[in-house]
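Reading through the structure tokens given below for one structure.
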Amino acid sequence: MRSMTRGKQQVLYNYLPGRTFDFEKVDVIARVDVIRGTAVNDLNTFMVLLKVYEQARAWQSDMRPVLRDDVLRDPSRFVLVDPEEVRSSLFPNVFWCQNRSCGVVVDRTGRALPQTNRCQVCRSGKLLQIRFVKVHRCGAIAPLIPPACRRCGNNLRMALDTRGSERLSNFRWVCRAASCGAAQRLFSGRCNACQWPGNDPKLRNMDVEVHRAGRTFYAHSAVLLNTPNRELSSFLSVNGWQYVAAAKYLGLPGVVNRALSSFSPSTAATGSNDATLSGADVESLLARQANNELSPEQMAQELASLVQRRRREQSAGNPVTITQDLVGASGVPAPVWEEAGQEMLEALLPFEIGRPVGLGDAGAPAGARATATRLRLEDVFLYSDFPIVTATYGFSRTAYTPNDCRLNAFPSDPNFSGRLPIFVDRIRADAISVSLDPDSVLQWLRANGLTPVVPVGTNPSASARSYFVQLFAGENLRETIRGNDELRLVFGLLHSLAHLCVRQAAVLCGLDMTSISEYILPRALTASIYCNHRFGATIGALTALYEQSFTDWLRSVQSQSQCIYDPVCRDRDGACHACAYLAETSCRYFNLNLNRAFLFGGMDPVLQRRLVGYWEGLSV
């Protein structure tokens with residue numbers, strides 16, 4: 001048995017069930033069979049599945065057979081696993097003679113390994129595992145095995161001839177049987193594991209790839225803020241917690257100064273007119289009566305008055321009342337708020353479990369408020385303990401975009417009673433969040449000829465924020481946004497800003513860009529960047545950036561209006577790998593809906609018109 005050591009994050013991206021890899025220091029290719037680990041019980045499974053479903057629903061239901069629309073109805077089908085050990089086996093069990101004049105391929109699938117590493121045909125070439133595999137968009141993977149010769153029918157003497165090329169299209173199968181020598185092109189064949197829908201027969205063919213190529217395996221992960229069970233389990237048990245979180249996000253009276261952990265099913269019971277007086281209430285009244293401050297009649301009046309006051313306070317903390325106040329103040333119907341509940345909660349979590357430093361706090365850098373205001377930012381917060389959870393829930397092959405492939409869950413794990421594993425990793429990193437000013441974004445939309453309809457509520461400030469919550473209701477942000485100009489502009493602005501913030505933070509911190517990731521809460525107009533490694537030079541890097549280079553950082557972001565590939569980049573998409581793209585591990589939206597024009601002005605190829613930039617005309 002051979003072993004090697006890898007970090008947990010590497011496992012969650014590169015060593016997942018079904019993925020092939022080169023075994024360290026050994027000339028062997030292996031495939032991950034299973035990940036052993038322990039069940040994670042201090043995370044809220046429902047909240048993790050809610051985030052997973054938010055991403056998975058971008059696929060048509062038949063393209064995600066396990067992650068169906070009913071995924072939230074039965075969370076017990078899934079188990080959150082903290083990886084501890086990866087077990088793998090040899091794959092593919094197919095060997096290739098390295099003697100170029102021979103090149104015979106030996107298929108040992110389902111049989112014992114060769115007794116010797118010497119080719120039994122030429123007697124001189126060394127046998128190595130073939131490095132090519134066949135994959136299909138349904139998620140199937142198969143070894144590349146030699147076909148039968150079309151001339152003589154022999155399949156035991158078929159050789160793979162690369163013809164000195166690295167292009168698979170130039171490879172040939174050549175029959176080494178005596179007096180044959182027939183050659184034929186490489187053909188992957190049809191996938192036997194599925195019946196791919198549609199009328200295009202080419203989509204049913206498998207693809208031949210080098211086993212380590214990116215197209216052979218794409219990991220799909222959801223990132224969310226850790227919702228601690230211990231602190232918030234009571235709150236999440238409240239019927240209507242989504243409305244409470246939304247009301248606090250909007251800063252509504254009666255909720256804004258209450259901790260979410262103070263809500264529980266008992267304190268939020270509905271339909272009762274009873275109000276309970278505390279022991280302190282009763283003792284205070286009795287003390288006043290004992291001191292002859294209250295007559296029996298006054299005592300009765302004070303008691304009735306206190307009961308009424310406690311009843312009003314209880315009603316104000318009741319989710320039914322909170323929901324009514326929320327809908328009235330915002331002008332947005334309750335179902336929209338219910339859908340937005342998790343995002344509203346995540347917007348509040350850093351403040352519930354930590355002490356972020358904002359521009360109005362004592363620890364803010366000098367001149368930070370003026371710089372942010374000039375750039376039409378509402379606030380910029382530093383989090384020293386950003387509780388990020390990465391939940392890797394599935395994989396795809398040949399593609400990673402919705403409906404171009406099938407989204408597969410990992411196989412059920414018998415060690416967890418056949419439940420489906422979701423592999424999780426938790427880090428507490430430093431992070432910086434940037435929030436756009438809602439009124440400025442509305443003005444920017446109007447400057448671009450749009451007429452955003454702000455909901456009519458009793459609280460104008462709440463209504464302005466609620467417009468963006470309603471704007472993103474039910475929308476899929478993991479595809480190119482078309483047909484909704486306001487949605488494209490708002491999300492494109494926030495997404496493009498997040499990418500430029502990551503890229504410039506990496507430059508100023510001296511970090512690799514893959515060490516920093518984005519986390520976007522579009523309904524809250526907030527983009528956070530955080531260090532995605534738990535060890536090494538990334539620790540404290542963003543804290544130092546915020547405290548020592550805040551103004552330089554934002555100015556450098558504002559200066560990224562040009563790309564070295566302009567005018568090609570500017571005229572095509574306004575974003576490319578040289579100016580705006582991030583690695584797939586840093587961007588959860590597939591580098592879609594990016595354009596420097598949202599910030600600096602220019603053409604948008606989707607809207608096919610020139611845009612006024614959010615920062616257009618501002619001096620650097």
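The chains in the structure tokens are called A, B, ... from first to last as shown; in each chain the residues are counted from 1, and the ligands are counted from 1 in the order shown.
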As a VMD selection string, which residues of stretch 285-495 of chain A does DSSP assign to strand (DSSP E or B)? chain A and resid 357 377 to 396 408 to 409 413 419 to 436
Residues within 10 Å of A:Pro452, please, as a list in words. Count only C-alpha atoms; anything in the same chain fewer than 3 positions from it doesn't count. Leu442, Gln443, Leu445, Arg446, Gly449, Pro455, Tyr467, Phe468, Leu471 and Glu486 of chain A
Which of these, A:Glu616, A:Asp385, A:Asp566, A:Asp70, has the shortest distance to A:Thr543 once you count only C-alpha atoms? A:Asp385
Produce a table with one row for each residue of stretch 393-442 of chain A that has an atom at most 12 Å from any atom of stretch 586-593 of chain A, each row naming the nearest atom pair and its distance in Å at one decimal; use only C-alpha atoms; arrange rows by chain and rising residue number; format as a tab-separated table.
residue	atom	partner	partner_atom	distance
A:Ala399	CA	A:Phe590	CA	11.3
A:Tyr400	CA	A:Phe590	CA	8.6
A:Thr401	CA	A:Phe590	CA	7.7
A:Pro402	CA	A:Phe590	CA	10.4
Write the selection just made, keeping all heavy atoms, as a PDB file, in the first residue's frame?
ATOM      1  N   ALA A 399     -17.626  19.359 -19.508  1.00  0.00           N
ATOM      2  CA  ALA A 399     -18.087  20.745 -19.404  1.00  0.00           C
ATOM      3  C   ALA A 399     -18.513  20.994 -17.960  1.00  0.00           C
ATOM      4  O   ALA A 399     -18.706  20.052 -17.182  1.00  0.00           O
ATOM      5  CB  ALA A 399     -19.252  21.022 -20.356  1.00  0.00           C
ATOM      6  N   TYR A 400     -18.657  22.260 -17.601  1.00  0.00           N
ATOM      7  CA  TYR A 400     -19.109  22.579 -16.242  1.00  0.00           C
ATOM      8  C   TYR A 400     -20.269  23.566 -16.246  1.00  0.00           C
ATOM      9  O   TYR A 400     -20.787  23.915 -15.197  1.00  0.00           O
ATOM     10  CB  TYR A 400     -17.957  23.149 -15.398  1.00  0.00           C
ATOM     11  CG  TYR A 400     -17.356  24.436 -15.911  1.00  0.00           C
ATOM     12  CD1 TYR A 400     -17.866  25.677 -15.520  1.00  0.00           C
ATOM     13  CD2 TYR A 400     -16.264  24.419 -16.759  1.00  0.00           C
ATOM     14  CE1 TYR A 400     -17.313  26.852 -15.990  1.00  0.00           C
ATOM     15  CE2 TYR A 400     -15.706  25.582 -17.228  1.00  0.00           C
ATOM     16  CZ  TYR A 400     -16.228  26.798 -16.845  1.00  0.00           C
ATOM     17  OH  TYR A 400     -15.675  27.977 -17.314  1.00  0.00           O
ATOM     18  N   THR A 401     -20.686  23.997 -17.415  1.00  0.00           N
ATOM     19  CA  THR A 401     -21.776  24.955 -17.503  1.00  0.00           C
ATOM     20  C   THR A 401     -23.117  24.227 -17.554  1.00  0.00           C
ATOM     21  O   THR A 401     -23.215  23.107 -18.068  1.00  0.00           O
ATOM     22  CB  THR A 401     -21.621  25.858 -18.738  1.00  0.00           C
ATOM     23  OG1 THR A 401     -21.367  25.037 -19.886  1.00  0.00           O
ATOM     24  CG2 THR A 401     -20.454  26.819 -18.555  1.00  0.00           C
ATOM     25  N   PRO A 402     -24.166  24.849 -17.016  1.00  0.00           N
ATOM     26  CA  PRO A 402     -25.475  24.188 -16.919  1.00  0.00           C
ATOM     27  C   PRO A 402     -25.981  23.664 -18.249  1.00  0.00           C
ATOM     28  O   PRO A 402     -25.902  24.346 -19.279  1.00  0.00           O
ATOM     29  CB  PRO A 402     -26.381  25.295 -16.361  1.00  0.00           C
ATOM     30  CG  PRO A 402     -25.459  26.171 -15.578  1.00  0.00           C
ATOM     31  CD  PRO A 402     -24.174  26.176 -16.358  1.00  0.00           C
TER      32      PRO A 402
END
Hey, could you make a per-residue contact list for stretch 9-90 of chain A against stretch 117-133 of chain A with 10 Å as the cut-off, showing the nearest pair of atoms and its distance in Å to one decimal, counting only C-alpha atoms, sorted by chain and number, as JSON lines?
{"residue": "A:Thr20", "atom": "CA", "partner": "A:Val133", "partner_atom": "CA", "distance": 9.6}
{"residue": "A:Asp22", "atom": "CA", "partner": "A:Arg131", "partner_atom": "CA", "distance": 9.6}
{"residue": "A:Asp27", "atom": "CA", "partner": "A:Leu128", "partner_atom": "CA", "distance": 8.0}
{"residue": "A:Val28", "atom": "CA", "partner": "A:Gln129", "partner_atom": "CA", "distance": 7.0}
{"residue": "A:Ile29", "atom": "CA", "partner": "A:Gln129", "partner_atom": "CA", "distance": 7.0}
{"residue": "A:Ala30", "atom": "CA", "partner": "A:Gln129", "partner_atom": "CA", "distance": 10.0}
{"residue": "A:Leu90", "atom": "CA", "partner": "A:Gln129", "partner_atom": "CA", "distance": 9.3}
Residue nearest A:Trp196 - candidates A:Ala140, A:Ala429, A:Ala259, A:Ala391, atoms counted: only C-alpha atoms: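 Of A:Ala140, A:Ala429, A:Ala259, A:Ala391, the one nearest A:Trp196, counting only C-alpha atoms, is A:Ala140.
Of the residues under consideration (A:Gly457, A:Thr109, A:Arg374, A:Trp553), A:Arg374 shows the shortest atom-to-atom contact distance to A:Gly617 when counting only C-alpha atoms.
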Can you pull out every residue within 7 Å of A:Ala182, counting only C-alpha atoms, but drop anything in the same chain fewer than 5 positions away, and send it as a list in words? Arg151, Val174 and Cys175 of chain A
Keeping only N, CA and C atoms, write the selected residues as a PDB file, in the first residue's frame.
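This went into part17.pdb:
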ATOM      1  N   ARG A 151      -9.636  -5.157 -40.703  1.00  0.00           N
ATOM      2  CA  ARG A 151      -9.268  -6.038 -41.811  1.00  0.00           C
ATOM      3  C   ARG A 151      -9.231  -7.495 -41.366  1.00  0.00           C
ATOM      4  N   VAL A 174      -3.002   0.761 -35.196  1.00  0.00           N
ATOM      5  CA  VAL A 174      -2.323  -0.006 -36.243  1.00  0.00           C
ATOM      6  C   VAL A 174      -2.272  -1.471 -35.819  1.00  0.00           C
ATOM      7  N   CYS A 175      -2.676  -2.359 -36.702  1.00  0.00           N
ATOM      8  CA  CYS A 175      -2.662  -3.790 -36.402  1.00  0.00           C
ATOM      9  C   CYS A 175      -1.257  -4.351 -36.636  1.00  0.00           C
TER      10      CYS A 175
END
Write out as a ChimeraX atom specification the residues lying within 12 Å of A:Arg610, counting only C-alpha atoms and excluding same-chain residues fewer than 5 positions away. /A:447-449,489,570-571,574,595-598,600-605
Measuring atom to atom with only C-alpha atoms, identify which of A:Gln184, A:Leu607, A:Pro146, A:Leu407 is nearest to A:Arg482.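 Answer, going by the shortest atom-to-atom distance: A:Leu607.
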Set the distance at 8 Å and use only C-alpha atoms: which residues neighbour A:Cys509 once local chain neighbours fewer than 6 positions away are removed? I'd like the list as a list in words.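 Answer for this query is Ala541, Leu542 and Leu545 of chain A.
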Output N, CA and C atoms for every residue in the selection just made, as a PDB file, in the first residue's frame.
ATOM      1  N   ALA A 541      -3.081  38.780   5.369  1.00  0.00           N
ATOM      2  CA  ALA A 541      -2.716  39.598   4.208  1.00  0.00           C
ATOM      3  C   ALA A 541      -3.763  40.670   3.930  1.00  0.00           C
ATOM      4  N   LEU A 542      -5.044  40.309   3.977  1.00  0.00           N
ATOM      5  CA  LEU A 542      -6.089  41.286   3.692  1.00  0.00           C
ATOM      6  C   LEU A 542      -6.274  42.261   4.851  1.00  0.00           C
ATOM      7  N   LEU A 545      -3.722  44.772   4.190  1.00  0.00           N
ATOM      8  CA  LEU A 545      -4.154  45.590   3.053  1.00  0.00           C
ATOM      9  C   LEU A 545      -5.142  46.651   3.506  1.00  0.00           C
TER      10      LEU A 545
END
Need the shell around A:Arg523: protein/DNA/RNA residues with any atom at most 6 Å away, counting only C-alpha atoms. Skip same-chain ones fewer than 2 positions apart. Format as a list in words?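 Near neighbours after the sequence-gap exclusion: Phe468, Val469, Leu521 and Leu525 of chain A.
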Tell me, as JSON, numbers by chain, which residues lie within 9 Å of A:Leu582, counting only C-alpha atoms; anything in the same chain fewer than 5 positions away does not count. {"A": [499, 502, 503, 513, 514, 517, 577, 587, 590, 591]}
Grab the atom CA of A:Asp413 to atom CA of A:Arg36 distance for me, in Å with one decimal place.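 Atom-to-atom, atom CA of A:Asp413 to atom CA of A:Arg36, that is 9.1 Å.
If only C-alpha atoms are the atoms counted, then among A:Cys194, A:Val282, A:Val606, A:Ala334 the closest residue to A:Val244 is A:Ala334.
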